[in-house]
Every structure is written in structure tokens, then in C-alpha cells.
Amino acid sequence: MIEYLRGELAEITPATAIIECAGVGYETNITLNTYSVLQGKKDVKIYIYEVIREDTHQLYGFHSKDERALFLKLISVSGIGGNTARTILSAFTVAELCEVIATGNETVLKSVKGIGLKTAQRIIVELKDKIKDISSGASGTAAVNIASSNETAEQAVSALVMLGFPSAAANKVVQNVVKAQPSASVEQVIKLALKQL
């Protein structure tokens, strides 16, 4: 079991990061919050959750132990897989998600793509008492503004496609978001788009 990777950040997109450790590049699936923390850094450390099945070997990477702990609690809920949990953790910070679950705010939770009312209720019921051990003082993420809104839109669409959204739908929503908020960062555009898709 890999606990964490520490090495050079070779490549990063809003959905994946490649960390080079001793000459080997490990591709990890990341959340938008982890992307915000890692972006612009050279040497990084990310906590890992490893999925090994007959047909796949995937690594999920997180900037903090709290984010990984919350991811593990999410995938313990029936019907929530790794990609859905990653989408939820891209829409909210650890602190925000803990607050949503603790207050039973199913309306906010079901605004995430792929989360219906029943799934939102199941997450709240199953995790309400289990999130108390996760620190709600998650480290803040600095949003990095990119001057060109076209570049921002391209990166946002690319990330949404990697998260499983159809390209045409992602592009339409992203264009609307960028038009409404031209100074928004890539992370902000993706978060707003996630709530509309």
C-alpha cells in the first residue's frame, strides 16, 4: 500500500497529476482542491489511495490526510465510486463538505453531477456521525487567476471531460460561466460549471 508520494511535479491538469519519484512517473487522479494546492509547485507530497482490481490499477492523490479520509468515507457509501467521490470533493472543500453533511443540507449536495436526492440523503445519513474525526480546519486553497479567459475555458472544459462530462455540454456551460465571470480562475469556473451540469 502506498501511503504518499513525494517528488517532482512533472505534469498537472485539473484532473490528474504526474509525480516523478526516483525516475518513475506516477499518474494520480486528483480533486480540484488538490490541483489548486499543487499548481505552480515543483516539489510536492500527496497522500495516496490505491485501487487495485483485475482490470485496473489507479492512484488517487490528495493534498491532505483529511481530504483522503473524507474520500474514503464517501466511497464507503453504497453507490459512490472513486470518480463520484472525486467530483464531490472537487465541488466542495473538506470544511464545506463536512458542514453540508453535518447540517443535512441535501439540496446543496445534490447540486453535484451524478448525485440524486436519494444518494444525497444516503451520504448524509451514513456519514453524519463519521465525519466528526475529520478536522474541519482544512487548509485554504489559493485560486490562481489566468489572464486569458479562453485559456481558462479550455482548461476547464478539458478537466470536465476528464471527469466524464460530454465535451459539448461542458463547453456550453463553461462558456456561460466565463461570460458571466470573466475574471474567474480555472478552479472557480469548474466549480460553477459542476453545479450546472
# chains A, B, ... in the order shown; residues from 1 in each chain; ligands from 1
$ residues_around --residues "Leu38 (chain A)" --least-positions-apart "4" --cutoff "8 Å" --atoms "only C-alpha atoms" --output "PyMOL selection string"
chain A and resi 34+44+63
$ select_by_dssp --residues "chain A" --states "helix (DSSP H, G or I)" --output "MDAnalysis selection string"
chainID A and resid 32:38 65:75 82:91 94:102 106:109 117:127 149:162 167:180 186:194
$ write_last_selection --atoms "C-alpha atoms" --output "PDB file, in the first residue's frame"
ATOM      1  CA  LEU A  32      -9.779  20.445  -7.949  1.00  0.00           C
ATOM      2  CA  ASN A  33      -8.802  21.424  -4.419  1.00  0.00           C
ATOM      3  CA  THR A  34      -5.609  19.381  -4.672  1.00  0.00           C
ATOM      4  CA  TYR A  35      -4.969  20.929  -8.103  1.00  0.00           C
ATOM      5  CA  SER A  36      -5.239  24.406  -6.529  1.00  0.00           C
ATOM      6  CA  VAL A  37      -2.725  23.497  -3.819  1.00  0.00           C
ATOM      7  CA  LEU A  38      -0.200  21.787  -6.141  1.00  0.00           C
ATOM      8  CA  LYS A  65      -4.877  13.452   5.064  1.00  0.00           C
ATOM      9  CA  ASP A  66      -8.277  14.999   5.825  1.00  0.00           C
ATOM     10  CA  GLU A  67      -9.218  15.120   2.146  1.00  0.00           C
ATOM     11  CA  ARG A  68      -8.183  11.480   1.732  1.00  0.00           C
ATOM     12  CA  ALA A  69     -10.085  10.460   4.877  1.00  0.00           C
ATOM     13  CA  LEU A  70     -13.242  12.130   3.570  1.00  0.00           C
ATOM     14  CA  PHE A  71     -12.771  10.440   0.168  1.00  0.00           C
ATOM     15  CA  LEU A  72     -12.557   7.036   1.906  1.00  0.00           C
ATOM     16  CA  LYS A  73     -15.737   7.765   3.855  1.00  0.00           C
ATOM     17  CA  LEU A  74     -17.537   8.812   0.645  1.00  0.00           C
ATOM     18  CA  ILE A  75     -16.598   5.627  -1.236  1.00  0.00           C
ATOM     19  CA  GLY A  82     -13.966   6.834  -6.825  1.00  0.00           C
ATOM     20  CA  ASN A  83     -14.854   9.247  -9.626  1.00  0.00           C
ATOM     21  CA  THR A  84     -18.108  10.361  -7.987  1.00  0.00           C
ATOM     22  CA  ALA A  85     -16.296  10.933  -4.682  1.00  0.00           C
ATOM     23  CA  ARG A  86     -13.632  12.927  -6.536  1.00  0.00           C
ATOM     24  CA  THR A  87     -16.335  15.055  -8.221  1.00  0.00           C
ATOM     25  CA  ILE A  88     -17.935  15.772  -4.822  1.00  0.00           C
ATOM     26  CA  LEU A  89     -14.548  16.743  -3.363  1.00  0.00           C
ATOM     27  CA  SER A  90     -13.942  18.984  -6.385  1.00  0.00           C
ATOM     28  CA  ALA A  91     -17.206  20.839  -5.777  1.00  0.00           C
ATOM     29  CA  VAL A  94     -13.216  19.371   3.132  1.00  0.00           C
ATOM     30  CA  ALA A  95     -14.572  22.008   5.527  1.00  0.00           C
ATOM     31  CA  GLU A  96     -17.512  22.852   3.249  1.00  0.00           C
ATOM     32  CA  LEU A  97     -18.453  19.199   2.712  1.00  0.00           C
ATOM     33  CA  CYS A  98     -18.242  18.430   6.444  1.00  0.00           C
ATOM     34  CA  GLU A  99     -20.554  21.396   7.044  1.00  0.00           C
ATOM     35  CA  VAL A 100     -23.007  20.250   4.328  1.00  0.00           C
ATOM     36  CA  ILE A 101     -23.157  16.720   5.789  1.00  0.00           C
ATOM     37  CA  ALA A 102     -23.309  17.876   9.429  1.00  0.00           C
ATOM     38  CA  GLU A 106     -29.186  17.576   0.837  1.00  0.00           C
ATOM     39  CA  THR A 107     -30.144  20.373  -1.599  1.00  0.00           C
ATOM     40  CA  VAL A 108     -26.551  21.599  -1.850  1.00  0.00           C
ATOM     41  CA  LEU A 109     -25.210  18.044  -2.062  1.00  0.00           C
ATOM     42  CA  LEU A 117     -31.811  13.147  -3.828  1.00  0.00           C
ATOM     43  CA  LYS A 118     -31.648   9.545  -2.544  1.00  0.00           C
ATOM     44  CA  THR A 119     -27.847   9.406  -2.861  1.00  0.00           C
ATOM     45  CA  ALA A 120     -27.500  12.789  -1.126  1.00  0.00           C
ATOM     46  CA  GLN A 121     -29.724  11.568   1.717  1.00  0.00           C
ATOM     47  CA  ARG A 122     -27.744   8.306   1.966  1.00  0.00           C
ATOM     48  CA  ILE A 123     -24.439  10.209   2.204  1.00  0.00           C
ATOM     49  CA  ILE A 124     -25.822  12.421   4.972  1.00  0.00           C
ATOM     50  CA  VAL A 125     -27.375   9.553   6.963  1.00  0.00           C
ATOM     51  CA  GLU A 126     -24.323   7.283   6.696  1.00  0.00           C
ATOM     52  CA  LEU A 127     -21.610   9.899   7.252  1.00  0.00           C
ATOM     53  CA  SER A 149     -10.386  33.679 -20.386  1.00  0.00           C
ATOM     54  CA  ASN A 150     -10.004  31.484 -23.490  1.00  0.00           C
ATOM     55  CA  GLU A 151      -7.203  29.530 -21.833  1.00  0.00           C
ATOM     56  CA  THR A 152      -9.281  29.307 -18.658  1.00  0.00           C
ATOM     57  CA  ALA A 153     -12.263  27.978 -20.635  1.00  0.00           C
ATOM     58  CA  GLU A 154     -10.116  25.420 -22.490  1.00  0.00           C
ATOM     59  CA  GLN A 155      -8.597  24.089 -19.264  1.00  0.00           C
ATOM     60  CA  ALA A 156     -11.998  23.967 -17.562  1.00  0.00           C
ATOM     61  CA  VAL A 157     -13.610  22.058 -20.467  1.00  0.00           C
ATOM     62  CA  SER A 158     -10.650  19.657 -20.579  1.00  0.00           C
ATOM     63  CA  ALA A 159     -10.986  18.955 -16.841  1.00  0.00           C
ATOM     64  CA  LEU A 160     -14.754  18.390 -17.077  1.00  0.00           C
ATOM     65  CA  VAL A 161     -14.284  15.982 -19.998  1.00  0.00           C
ATOM     66  CA  MET A 162     -11.694  14.077 -17.888  1.00  0.00           C
ATOM     67  CA  SER A 167     -17.498  17.754 -24.379  1.00  0.00           C
ATOM     68  CA  ALA A 168     -20.354  19.737 -25.982  1.00  0.00           C
ATOM     69  CA  ALA A 169     -22.294  20.122 -22.719  1.00  0.00           C
ATOM     70  CA  ALA A 170     -19.142  21.042 -20.762  1.00  0.00           C
ATOM     71  CA  ASN A 171     -18.159  23.622 -23.377  1.00  0.00           C
ATOM     72  CA  LYS A 172     -21.609  25.268 -23.379  1.00  0.00           C
ATOM     73  CA  VAL A 173     -21.768  25.589 -19.586  1.00  0.00           C
ATOM     74  CA  VAL A 174     -18.139  26.787 -19.309  1.00  0.00           C
ATOM     75  CA  GLN A 175     -18.689  29.492 -21.944  1.00  0.00           C
ATOM     76  CA  ASN A 176     -21.713  30.770 -19.989  1.00  0.00           C
ATOM     77  CA  VAL A 177     -19.717  30.804 -16.730  1.00  0.00           C
ATOM     78  CA  VAL A 178     -16.745  32.600 -18.310  1.00  0.00           C
ATOM     79  CA  LYS A 179     -19.080  35.149 -19.908  1.00  0.00           C
ATOM     80  CA  ALA A 180     -20.736  35.851 -16.550  1.00  0.00           C
ATOM     81  CA  VAL A 186      -9.962  27.762 -13.735  1.00  0.00           C
ATOM     82  CA  GLU A 187     -10.964  26.192 -10.397  1.00  0.00           C
ATOM     83  CA  GLN A 188     -13.833  28.635  -9.903  1.00  0.00           C
ATOM     84  CA  VAL A 189     -15.093  28.095 -13.462  1.00  0.00           C
ATOM     85  CA  ILE A 190     -15.044  24.307 -12.995  1.00  0.00           C
ATOM     86  CA  LYS A 191     -16.804  24.512  -9.620  1.00  0.00           C
ATOM     87  CA  LEU A 192     -19.528  26.741 -11.036  1.00  0.00           C
ATOM     88  CA  ALA A 193     -19.874  24.515 -14.117  1.00  0.00           C
ATOM     89  CA  LEU A 194     -20.160  21.387 -11.916  1.00  0.00           C
TER      90      LEU A 194
END
